[in-house]
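Listing of upload03.csv; format and content: CSV, C-alpha atoms.
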chain,number,residue,atom,x,y,z
A,1,MET,CA,89.3,84.5,88.1
A,2,GLU,CA,87.9,81.1,87.3
A,3,LYS,CA,84.5,82.4,88.2
A,4,VAL,CA,84.8,85.2,85.7
A,5,ARG,CA,86.1,82.9,83.0
A,6,LYS,CA,83.1,80.6,83.6
A,7,LYS,CA,80.7,83.5,83.4
A,8,ILE,CA,82.1,84.6,80.1
A,9,SER,CA,82.2,81.2,78.6
A,10,LEU,CA,78.6,80.7,79.6
A,11,ARG,CA,77.5,84.1,78.2
A,12,PHE,CA,79.5,83.9,75.0
A,13,PRO,CA,77.1,81.6,73.0
A,14,SER,CA,74.1,83.8,73.9
A,15,PHE,CA,76.1,86.9,73.0
A,16,LEU,CA,77.1,85.3,69.7
A,17,VAL,CA,73.5,84.3,68.9
A,18,PHE,CA,72.4,87.9,69.6
A,19,PHE,CA,75.2,89.3,67.5
A,20,LEU,CA,74.3,87.0,64.6
A,21,LEU,CA,70.7,88.0,64.8
A,22,LEU,CA,71.7,91.7,64.8
A,23,THR,CA,74.0,91.4,61.9
A,24,SER,CA,71.4,89.4,59.9
A,25,THR,CA,69.1,92.3,60.2
A,26,ALA,CA,71.7,94.7,59.1
A,27,ARG,CA,72.7,92.3,56.3
A,28,ALA,CA,69.2,92.1,55.1
A,29,GLY,CA,68.4,95.8,55.2
A,30,ILE,CA,70.8,98.6,56.0
A,31,PHE,CA,73.8,97.3,54.1
A,32,ASP,CA,71.8,96.6,51.0
A,33,ASP,CA,70.1,100.0,51.2
A,34,LEU,CA,73.4,101.8,51.6
A,35,LYS,CA,74.9,99.9,48.8
A,36,LYS,CA,72.0,100.8,46.5
A,37,MET,CA,72.4,104.5,47.1
A,38,ASP,CA,74.1,106.5,44.3
A,39,TRP,CA,76.5,108.5,46.4
A,40,GLU,CA,77.9,110.4,43.4
A,41,LYS,CA,74.4,111.5,42.4
A,42,ILE,CA,73.6,112.5,46.0
A,43,LYS,CA,76.8,114.6,46.2
A,44,GLU,CA,76.1,116.2,42.8
A,45,THR,CA,72.5,117.1,43.8
A,46,THR,CA,73.6,118.6,47.1
A,47,GLU,CA,76.0,120.8,45.2
A,48,LYS,CA,73.4,121.9,42.7
A,49,VAL,CA,70.9,122.7,45.4
A,50,GLN,CA,73.5,124.9,47.1
A,51,ARG,CA,74.0,127.1,44.0
A,52,VAL,CA,71.0,128.6,42.3
A,53,LEU,CA,71.7,130.6,39.2
A,54,PRO,CA,70.7,134.2,39.9
A,55,VAL,CA,68.6,135.3,36.9
A,56,GLY,CA,67.6,139.0,37.4
A,57,LEU,CA,65.0,140.8,35.2
A,58,LYS,CA,67.8,142.1,32.8
A,59,GLU,CA,69.1,138.5,32.3
A,60,GLU,CA,65.6,137.2,32.0
A,61,ILE,CA,64.8,139.7,29.2
A,62,THR,CA,68.1,138.8,27.4
A,63,ILE,CA,67.3,135.0,27.6
A,64,GLY,CA,63.7,135.6,26.5
A,65,GLU,CA,64.7,137.8,23.5
A,66,GLU,CA,67.0,135.0,22.3
A,67,ILE,CA,64.4,132.3,22.6
A,68,ALA,CA,61.8,134.6,20.9
A,69,THR,CA,64.2,135.0,18.0
A,70,ARG,CA,64.4,131.3,17.6
A,71,ILE,CA,60.7,130.9,17.7
A,72,LYS,CA,60.3,133.6,15.0
A,73,GLN,CA,62.9,131.8,12.9
A,74,LYS,CA,61.1,128.5,13.2
A,75,TYR,CA,57.7,129.7,12.2
A,76,GLY,CA,58.2,133.1,10.6
A,77,VAL,CA,56.1,136.2,11.5
A,78,TYR,CA,52.7,137.0,10.1
A,79,ARG,CA,52.7,140.6,8.9
A,80,ASN,CA,49.4,142.2,9.5
A,81,GLU,CA,49.7,145.4,11.5
A,82,ASP,CA,45.9,145.7,12.2
A,83,VAL,CA,45.6,142.2,13.6
A,84,ARG,CA,48.8,142.5,15.6
A,85,ARG,CA,47.7,145.9,17.0
A,86,TYR,CA,44.4,144.3,18.1
A,87,VAL,CA,46.1,141.3,19.7
A,88,SER,CA,48.5,143.7,21.5
A,89,LEU,CA,45.6,145.8,22.8
A,90,VAL,CA,43.8,142.7,24.2
A,91,GLY,CA,47.1,141.5,25.7
A,92,GLU,CA,47.9,144.9,27.2
A,93,ALA,CA,44.5,145.1,28.7
A,94,VAL,CA,45.0,141.7,30.4
A,95,ALA,CA,48.6,142.6,31.4
A,96,GLN,CA,47.2,145.7,33.2
A,97,GLU,CA,45.6,143.3,35.7
A,98,SER,CA,48.7,141.2,36.1
A,99,LYS,CA,51.4,141.2,38.7
A,100,ARG,CA,54.7,139.5,38.6
A,101,VAL,CA,55.8,137.3,41.5
A,102,ASP,CA,58.9,139.4,41.9
A,103,GLY,CA,56.8,142.6,41.8
A,104,LYS,CA,58.8,144.0,38.9
A,105,GLU,CA,57.2,145.9,36.0
A,106,ILE,CA,57.7,144.3,32.5
A,107,ARG,CA,57.0,145.3,29.0
A,108,TYR,CA,55.1,142.8,26.8
A,109,HIS,CA,55.6,142.2,23.1
A,110,PHE,CA,52.9,140.4,21.2
A,111,SER,CA,53.6,138.7,17.8
A,112,ILE,CA,51.7,136.5,15.4
A,113,LEU,CA,53.4,133.5,14.0
A,114,ASP,CA,52.9,132.6,10.4
A,115,SER,CA,51.7,129.1,11.1
A,116,ASP,CA,48.4,127.3,10.6
A,117,SER,CA,49.1,125.1,13.6
A,118,ILE,CA,47.0,126.1,16.7
A,119,ASN,CA,49.3,127.2,19.5
A,120,ALA,CA,50.6,130.0,21.6
A,121,PHE,CA,53.9,130.5,23.3
A,122,SER,CA,55.5,132.8,25.9
A,123,CYS,CA,59.1,133.4,26.6
A,124,PRO,CA,60.8,134.9,29.7
A,125,GLY,CA,60.9,138.7,29.6
A,126,GLY,CA,57.4,139.1,28.2
A,127,TYR,CA,57.6,137.8,24.6
A,128,ILE,CA,54.2,136.4,23.7
A,129,PHE,CA,53.3,134.6,20.5
A,130,VAL,CA,50.0,133.4,19.0
A,131,SER,CA,49.8,131.5,15.8
A,132,LYS,CA,47.7,132.6,12.8
A,133,GLY,CA,45.9,129.2,13.0
A,134,LEU,CA,44.9,129.9,16.6
A,135,LEU,CA,43.5,133.3,15.8
A,136,LYS,CA,41.3,131.6,13.1
A,137,LYS,CA,40.0,129.1,15.6
A,138,VAL,CA,39.2,131.7,18.3
A,139,GLU,CA,35.5,132.8,18.4
A,140,ASN,CA,35.6,135.9,20.5
A,141,GLU,CA,37.7,138.4,22.4
A,142,ALA,CA,37.2,136.8,25.8
A,143,GLN,CA,38.7,133.6,24.5
A,144,LEU,CA,41.7,135.5,23.1
A,145,ALA,CA,42.0,137.3,26.5
A,146,GLY,CA,42.0,133.9,28.3
A,147,ILE,CA,44.7,132.6,26.0
A,148,LEU,CA,46.9,135.7,26.4
A,149,GLY,CA,46.2,135.6,30.1
A,150,HIS,CA,47.5,132.0,30.2
A,151,GLU,CA,50.7,133.0,28.4
A,152,ILE,CA,51.3,136.2,30.4
A,153,ALA,CA,50.9,134.1,33.6
A,154,HIS,CA,53.8,131.9,32.5
A,155,VAL,CA,55.9,135.1,32.4
A,156,THR,CA,54.7,136.6,35.6
A,157,GLN,CA,55.0,133.3,37.5
A,158,LYS,CA,58.5,132.9,36.0
A,159,HIS,CA,57.8,129.3,35.0
A,160,VAL,CA,60.6,129.1,32.4
A,161,VAL,CA,63.1,131.0,34.6
A,162,LYS,CA,62.4,128.8,37.6
A,163,ALA,CA,62.9,125.7,35.5
A,164,ILE,CA,66.2,127.0,34.2
A,165,GLN,CA,67.3,127.7,37.7
A,166,LYS,CA,66.1,124.3,38.9
A,167,ALA,CA,67.9,122.4,36.1
A,168,ASN,CA,71.2,124.0,37.0
A,169,ILE,CA,72.6,123.5,33.6
A,170,VAL,CA,75.5,125.9,33.9
A,171,ALA,CA,78.7,125.5,35.9
A,172,LEU,CA,79.4,127.2,39.1
A,173,GLY,CA,80.4,130.8,38.7
A,174,ALA,CA,78.7,131.0,35.3
A,175,GLU,CA,76.7,134.1,36.3
A,176,GLU,CA,78.9,136.3,34.2
A,177,ALA,CA,78.1,134.2,31.1
A,178,LEU,CA,74.5,135.4,31.3
A,179,LYS,CA,75.8,138.8,30.2
A,180,ASP,CA,77.7,137.4,27.3
A,181,LYS,CA,75.3,136.3,24.5
A,182,ASP,CA,78.2,134.6,22.6
A,183,SER,CA,79.3,132.4,25.5
A,184,LYS,CA,78.8,128.7,25.6
A,185,GLU,CA,77.0,128.8,28.9
A,186,PHE,CA,74.5,131.4,27.6
A,187,LYS,CA,73.8,129.2,24.6
A,188,LYS,CA,73.2,126.3,26.9
A,189,ILE,CA,70.6,128.2,28.8
A,190,VAL,CA,68.8,129.4,25.7
A,191,ASP,CA,68.8,125.8,24.3
A,192,PHE,CA,67.3,124.5,27.5
A,193,GLY,CA,64.6,127.3,27.6
A,194,THR,CA,63.7,126.7,23.9
A,195,ASP,CA,63.5,122.9,24.5
A,196,LEU,CA,61.3,123.5,27.5
A,197,ILE,CA,58.8,125.7,25.5
A,198,PHE,CA,58.6,123.1,22.7
A,199,ASN,CA,58.5,120.1,25.1
A,200,GLY,CA,56.2,121.5,27.7
A,201,LEU,CA,56.4,122.9,31.2
A,202,SER,CA,55.1,120.9,34.2
A,203,LYS,CA,51.4,120.1,34.5
A,204,GLU,CA,51.3,122.2,37.7
A,205,ASP,CA,52.7,125.2,35.8
A,206,GLU,CA,50.1,124.8,33.1
A,207,PHE,CA,47.2,124.5,35.5
A,208,GLU,CA,48.5,127.5,37.4
A,209,ALA,CA,48.8,129.5,34.2
A,210,ASP,CA,45.2,128.6,33.4
A,211,GLN,CA,43.9,129.8,36.7
A,212,VAL,CA,46.1,132.9,37.1
A,213,GLY,CA,45.4,133.9,33.4
A,214,ILE,CA,41.6,133.6,33.9
A,215,ASN,CA,41.8,135.7,37.0
A,216,TRP,CA,43.3,138.6,35.1
A,217,ALA,CA,41.1,138.3,32.1
A,218,TYR,CA,38.1,138.3,34.4
A,219,GLY,CA,39.6,141.1,36.5
A,220,ILE,CA,39.7,143.5,33.5
A,221,GLY,CA,36.1,142.5,32.5
A,222,TYR,CA,36.2,139.6,30.1
A,223,ASN,CA,33.8,136.7,30.4
A,224,GLN,CA,35.1,134.1,32.8
A,225,GLY,CA,34.4,131.3,30.5
A,226,GLY,CA,36.8,132.6,27.8
A,227,LEU,CA,39.7,130.2,28.1
A,228,GLY,CA,37.5,127.2,29.0
A,229,ASP,CA,35.2,127.9,25.9
A,230,PHE,CA,38.3,127.9,23.7
A,231,LEU,CA,39.5,124.6,25.1
A,232,LYS,CA,36.1,123.1,24.4
A,233,VAL,CA,36.4,124.4,20.8
A,234,LEU,CA,39.7,122.5,20.5
A,235,GLU,CA,38.3,119.4,22.1
A,236,LYS,CA,35.7,119.3,19.3
A,237,THR,CA,38.3,120.0,16.6
A,238,SER,CA,37.8,117.5,13.8
A,239,SER,CA,40.3,114.8,13.1
A,240,LYS,CA,41.1,116.6,9.8
A,241,GLU,CA,42.6,119.4,11.8
A,242,SER,CA,44.1,117.4,14.6
A,243,SER,CA,47.6,117.7,13.0
A,244,LYS,CA,47.4,121.4,13.8
A,245,LEU,CA,47.1,120.6,17.4
A,246,THR,CA,49.9,118.1,17.8
A,247,LEU,CA,52.3,120.3,19.6
A,248,LEU,CA,49.7,121.9,21.8
A,249,PHE,CA,48.4,118.5,22.9
A,250,LYS,CA,52.0,117.4,23.5
A,251,THR,CA,52.9,120.3,25.7
A,252,HIS,CA,49.8,120.7,27.7
A,253,PRO,CA,47.7,118.6,30.1
A,254,LYS,CA,44.6,116.9,28.7
A,255,MET,CA,41.8,119.2,27.7
A,256,ASP,CA,39.0,117.7,29.8
A,257,LYS,CA,41.2,117.9,32.9
A,258,ARG,CA,42.0,121.6,32.1
A,259,ILE,CA,38.4,122.4,31.6
A,260,SER,CA,37.2,120.7,34.8
A,261,GLN,CA,40.0,122.4,36.8
A,262,LEU,CA,39.1,125.8,35.3
A,263,ASN,CA,35.4,125.3,36.1
A,264,GLU,CA,36.3,124.4,39.7
A,265,HIS,CA,38.5,127.5,40.0
A,266,ILE,CA,35.8,129.7,38.6
A,267,SER,CA,33.2,128.4,41.1
A,268,ASN,CA,35.7,128.6,44.0
A,269,SER,CA,36.8,132.1,43.1
A,270,LYS,CA,33.2,133.3,42.9
A,271,MET,CA,33.5,134.7,39.4
A,272,GLN,CA,29.7,135.2,39.3
A,273,VAL,CA,29.3,138.2,37.1
A,274,SER,CA,28.9,137.2,33.5
A,275,TYR,CA,31.0,139.8,31.6
A,276,PRO,CA,30.8,140.1,27.8
A,277,THR,CA,32.7,137.9,25.3
A,278,LEU,CA,33.0,140.8,22.8
A,279,ALA,CA,32.5,138.5,19.8
A,280,TRP,CA,31.4,141.4,17.7
A,281,ARG,CA,34.7,143.2,18.1
A,282,TYR,CA,36.7,140.1,17.5
A,283,LYS,CA,35.0,139.5,14.2
A,284,LYS,CA,35.3,143.2,13.2
A,285,ARG,CA,39.0,143.4,14.0
A,286,MET,CA,39.9,140.0,12.4
A,287,VAL,CA,38.4,140.8,9.0
A,288,SER,CA,41.8,141.1,7.4
A,289,LEU,CA,43.1,137.8,8.9
A,290,LYS,CA,43.9,135.4,6.0
B,1,MET,CA,87.0,75.7,74.3
B,2,ARG,CA,86.4,73.8,71.0
B,3,ILE,CA,82.9,75.1,70.7
B,4,HIS,CA,84.3,78.6,71.1
B,5,LYS,CA,86.8,78.1,68.4
B,6,PHE,CA,84.1,76.7,66.1
B,7,LEU,CA,81.8,79.6,66.8
B,8,PHE,CA,84.6,82.1,66.3
B,9,VAL,CA,85.2,80.6,62.8
B,10,ILE,CA,81.5,80.9,62.0
B,11,LEU,CA,81.6,84.5,63.2
B,12,VAL,CA,84.5,85.3,61.0
B,13,ILE,CA,82.8,83.7,57.9
B,14,PHE,CA,79.6,85.5,58.7
B,15,LEU,CA,81.3,88.9,59.1
B,16,GLY,CA,83.2,88.2,55.9
B,17,SER,CA,80.0,87.6,54.0
B,18,ILE,CA,78.6,90.9,55.3
B,19,PHE,CA,81.5,93.1,54.3
B,20,CYS,CA,82.2,91.3,50.9
B,21,GLN,CA,79.0,92.1,49.1
B,22,ASP,CA,80.5,93.4,45.9
B,23,LYS,CA,78.9,90.8,43.7
B,24,THR,CA,80.4,92.2,40.6
B,25,LEU,CA,83.8,91.1,42.0
B,26,CYS,CA,82.6,87.9,43.5
B,27,MET,CA,80.8,86.8,40.3
B,28,GLY,CA,83.4,87.9,37.9
B,29,THR,CA,81.3,90.7,36.2
B,30,LYS,CA,83.2,93.9,36.3
B,31,PRO,CA,81.2,97.1,36.0
B,32,GLU,CA,82.9,98.0,32.8
B,33,ASP,CA,81.8,94.7,31.3
B,34,ALA,CA,78.2,95.5,32.1
B,35,PRO,CA,75.9,96.2,29.1
B,36,LYS,CA,75.7,99.9,28.4
B,37,ILE,CA,72.4,101.7,28.0
B,38,THR,CA,72.5,103.5,24.7
B,39,GLY,CA,68.8,104.4,24.0
B,40,THR,CA,67.4,107.7,22.8
B,41,ALA,CA,65.8,108.7,26.1
B,42,GLY,CA,64.1,112.1,25.9
B,43,ALA,CA,64.2,112.2,22.1
B,44,ARG,CA,61.1,113.9,20.9
B,45,GLY,CA,58.9,113.5,17.8
B,46,ILE,CA,61.0,115.7,15.6
B,47,GLY,CA,59.2,114.7,12.4
B,48,GLU,CA,56.0,116.5,13.2
B,49,GLU,CA,57.9,119.7,14.0
B,50,GLU,CA,60.2,119.6,11.0
B,51,GLU,CA,57.3,120.5,8.7
B,52,GLU,CA,56.7,123.5,10.9
B,53,LYS,CA,60.0,125.0,10.0
B,54,THR,CA,58.6,127.4,7.5
B,55,GLY,CA,60.1,130.6,8.8
B,56,ILE,CA,63.8,129.7,8.5
B,57,GLY,CA,65.6,132.2,6.5
B,58,THR,CA,62.7,134.7,6.4
B,59,ASP,CA,62.9,138.2,7.7
B,60,ILE,CA,61.8,138.1,11.3
B,61,GLU,CA,62.3,141.7,12.1
B,62,GLU,CA,59.1,143.4,13.3
B,63,LYS,CA,58.1,146.9,13.8
B,64,GLU,CA,57.6,147.7,17.5
B,65,ILE,CA,53.9,148.2,18.2
B,66,VAL,CA,53.5,151.2,20.5
B,67,ILE,CA,50.2,151.5,22.4
B,68,THR,CA,49.6,154.7,24.0
B,69,LYS,CA,47.7,155.1,27.3
B,70,LEU,CA,44.9,156.9,25.5
B,71,GLU,CA,44.5,154.2,22.8
B,72,LEU,CA,44.3,151.5,25.5
B,73,GLU,CA,41.7,153.6,27.5
B,74,GLN,CA,39.6,154.0,24.3
B,75,PHE,CA,39.9,150.3,23.6
B,76,LEU,CA,38.7,149.5,27.2
B,77,GLU,CA,35.9,152.0,27.0
B,78,GLU,CA,34.7,150.6,23.7
B,79,GLY,CA,34.5,147.1,25.1
B,80,GLY,CA,33.1,148.1,28.5
B,81,LEU,CA,36.3,146.8,30.2
B,82,GLY,CA,38.4,148.0,33.1
B,83,ARG,CA,36.7,151.0,34.8
B,84,TRP,CA,33.9,150.9,32.2
B,85,ARG,CA,32.8,147.4,32.9
B,86,LYS,CA,29.3,147.0,34.1

What is this file in structure tokens?
Amino acid sequence: MEKVRKKISLRFPSFLVFFLLLTSTARAGIFDDLKKMDWEKIKETTEKVQRVLPVGLKEEITIGEEIATRIKQKYGVYRNEDVRRYVSLVGEAVAQESKRVDGKEIRYHFSILDSDSINAFSCPGGYIFVSKGLLKKVENEAQLAGILGHEIAHVTQKHVVKAIQKANIVALGAEEALKDKDSKEFKKIVDFGTDLIFNGLSKEDEFEADQVGINWAYGIGYNQGGLGDFLKVLEKTSSKESSKLTLLFKTHPKMDKRISQLNEHISNSKMQVSYPTLAWRYKKRMVSLK
Amino acid sequence: MRIHKFLFVILVIFLGSIFCQDKTLCMGTKPEDAPKITGTAGARGIGEEEEEKTGIGTDIEEKEIVITKLELEQFLEEGGLGRWRK
């Protein structure tokens, strides 16, 4: 018994030193790290990941229609049936080449905004807008096709819908609210979607829309340089007109980066055939644009 | 035995310092007394967009543009697009 006690008393100091060393390590690292973690946020995020708002095509169209109405209210619509028909024809031609990520067919609606600012928007469900100012700046049909291809790509890749789902802005069990346009939850979704369009999607989404859009424009037979050429036109826009580009610059990545990524994509995708730009038709059909 | 008692006291103090790390309590600063962040994070340049609000109150109803298959085909043919591209 005495032997055992002696053994313990001899080992106790070394055990204590070891224990102190061990706890010092824990004190320095693990405890601090655990303390710093925002457990409430982690719990909240885990719950959000577990519930993704199911937005079907029907719901997407309803949301898009509502956002489109707000955009029209903000800018007003430019009434020129000839120009709108022409824009719709170019858009429909590009859309023929497109394919949605969910494989579903969709009907596109093309409108012209009564604004001198240079911009284009797209809403979920296939609502595409180009401003009057943008049409004045475009030089040929291939450029217009590239722009419309970019906007259509946002719809087919469901960029806004995915962002709405990711943001999880509505409460659990709010799926029913999507069917009720007057509900608070539905308004919340539309507010979020509208803000997203005016504040900009992610850079990745924009680059993807550039590349996917140009694939379709080229696929139907437009010059592969269309969108890139238009971006170059914007890059050279005089400081006098820079105010017309404020929103576009705010919501999109830098022009030079977009142009270089597009050029890289064109050479990687082997878009070697130089299709027409159809400048003659653009000029002819835009005569009545004022 | 004395050394053991002494080491035991050190151990207790040490463990106490590990498990009592809530500095807000130790230092007399309660979380509710901490300065609150009240900025306008995420606010966007509204000014530049305000002037764009030209369409408010205007009629936004538009006639639906119907494009027939034939019209689209003729359009593609004229431009040498689609199956007419060279």

Q.
What does the structure give for the distance between CA of Tyr78 in chain A and CA of Ile63 in chain A, in Å to one decimal?
A. 22.9 Å

Q: Find the residues in chain A near chain B: any atom within 7 Å counts, using all atoms listed in the file. Write them as JSON, numbers by chain.
A: {"A": [27, 72, 73, 74, 75, 76, 77, 85, 89, 220, 221, 278]}

Q) CA of Lys270 in chain A and CA of Lys254 in chain A are how many Å apart? A) 24.5 Å

Q) Any idea what the distance is between CA of Glu59 in chain A and CA of Lys99 in chain A? A) 19.0 Å

Q | Residue nearest Ser131 in chain A - candidates A:Leu248, A:Gly149, A:Ser202, A:His159, atoms counted: only C-alpha atoms | A | A:Leu248

Q: Identify, on the basis of only C-alpha atoms, every residue whose closest approach to Ile152 in chain A does not exceed 12 Å; exclude the query and any residue fewer than 5 positions from it along the same chain; express the result as a PyMOL selection string.
A: chain A and resi 88+90-100+106-110+120-130+145-147+157-160+206+208-217

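Taking only C-alpha atoms, the non-local environment of Ser260 in chain A within 12 Å (same-chain residues fewer than 3 positions away omitted) comprises Phe207, Asp210, Gln211, Gly225, Leu227, Gly228, Asp229, Leu231, Lys232, Pro253, Lys254, Met255, Asp256, Lys257, Asn263, Glu264, His265, Ile266 and Ser267 of chain A.
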
Q. If we count all atoms listed in the file, what is near Lys284 in chain A at a cut-off of 12 Å, once residues fewer than 6 positions away on the same chain are taken out, given as a ChimeraX atom specification?
A. /A:82-83,86,139-141,278

Q: Would you list the residues near (72.8, 140.6, 32.7) (no more than 9 Å away, in the coordinates of the file, using all atoms listed in the file) as a PyMOL selection string?
A: chain A and resi 55-62+175-180
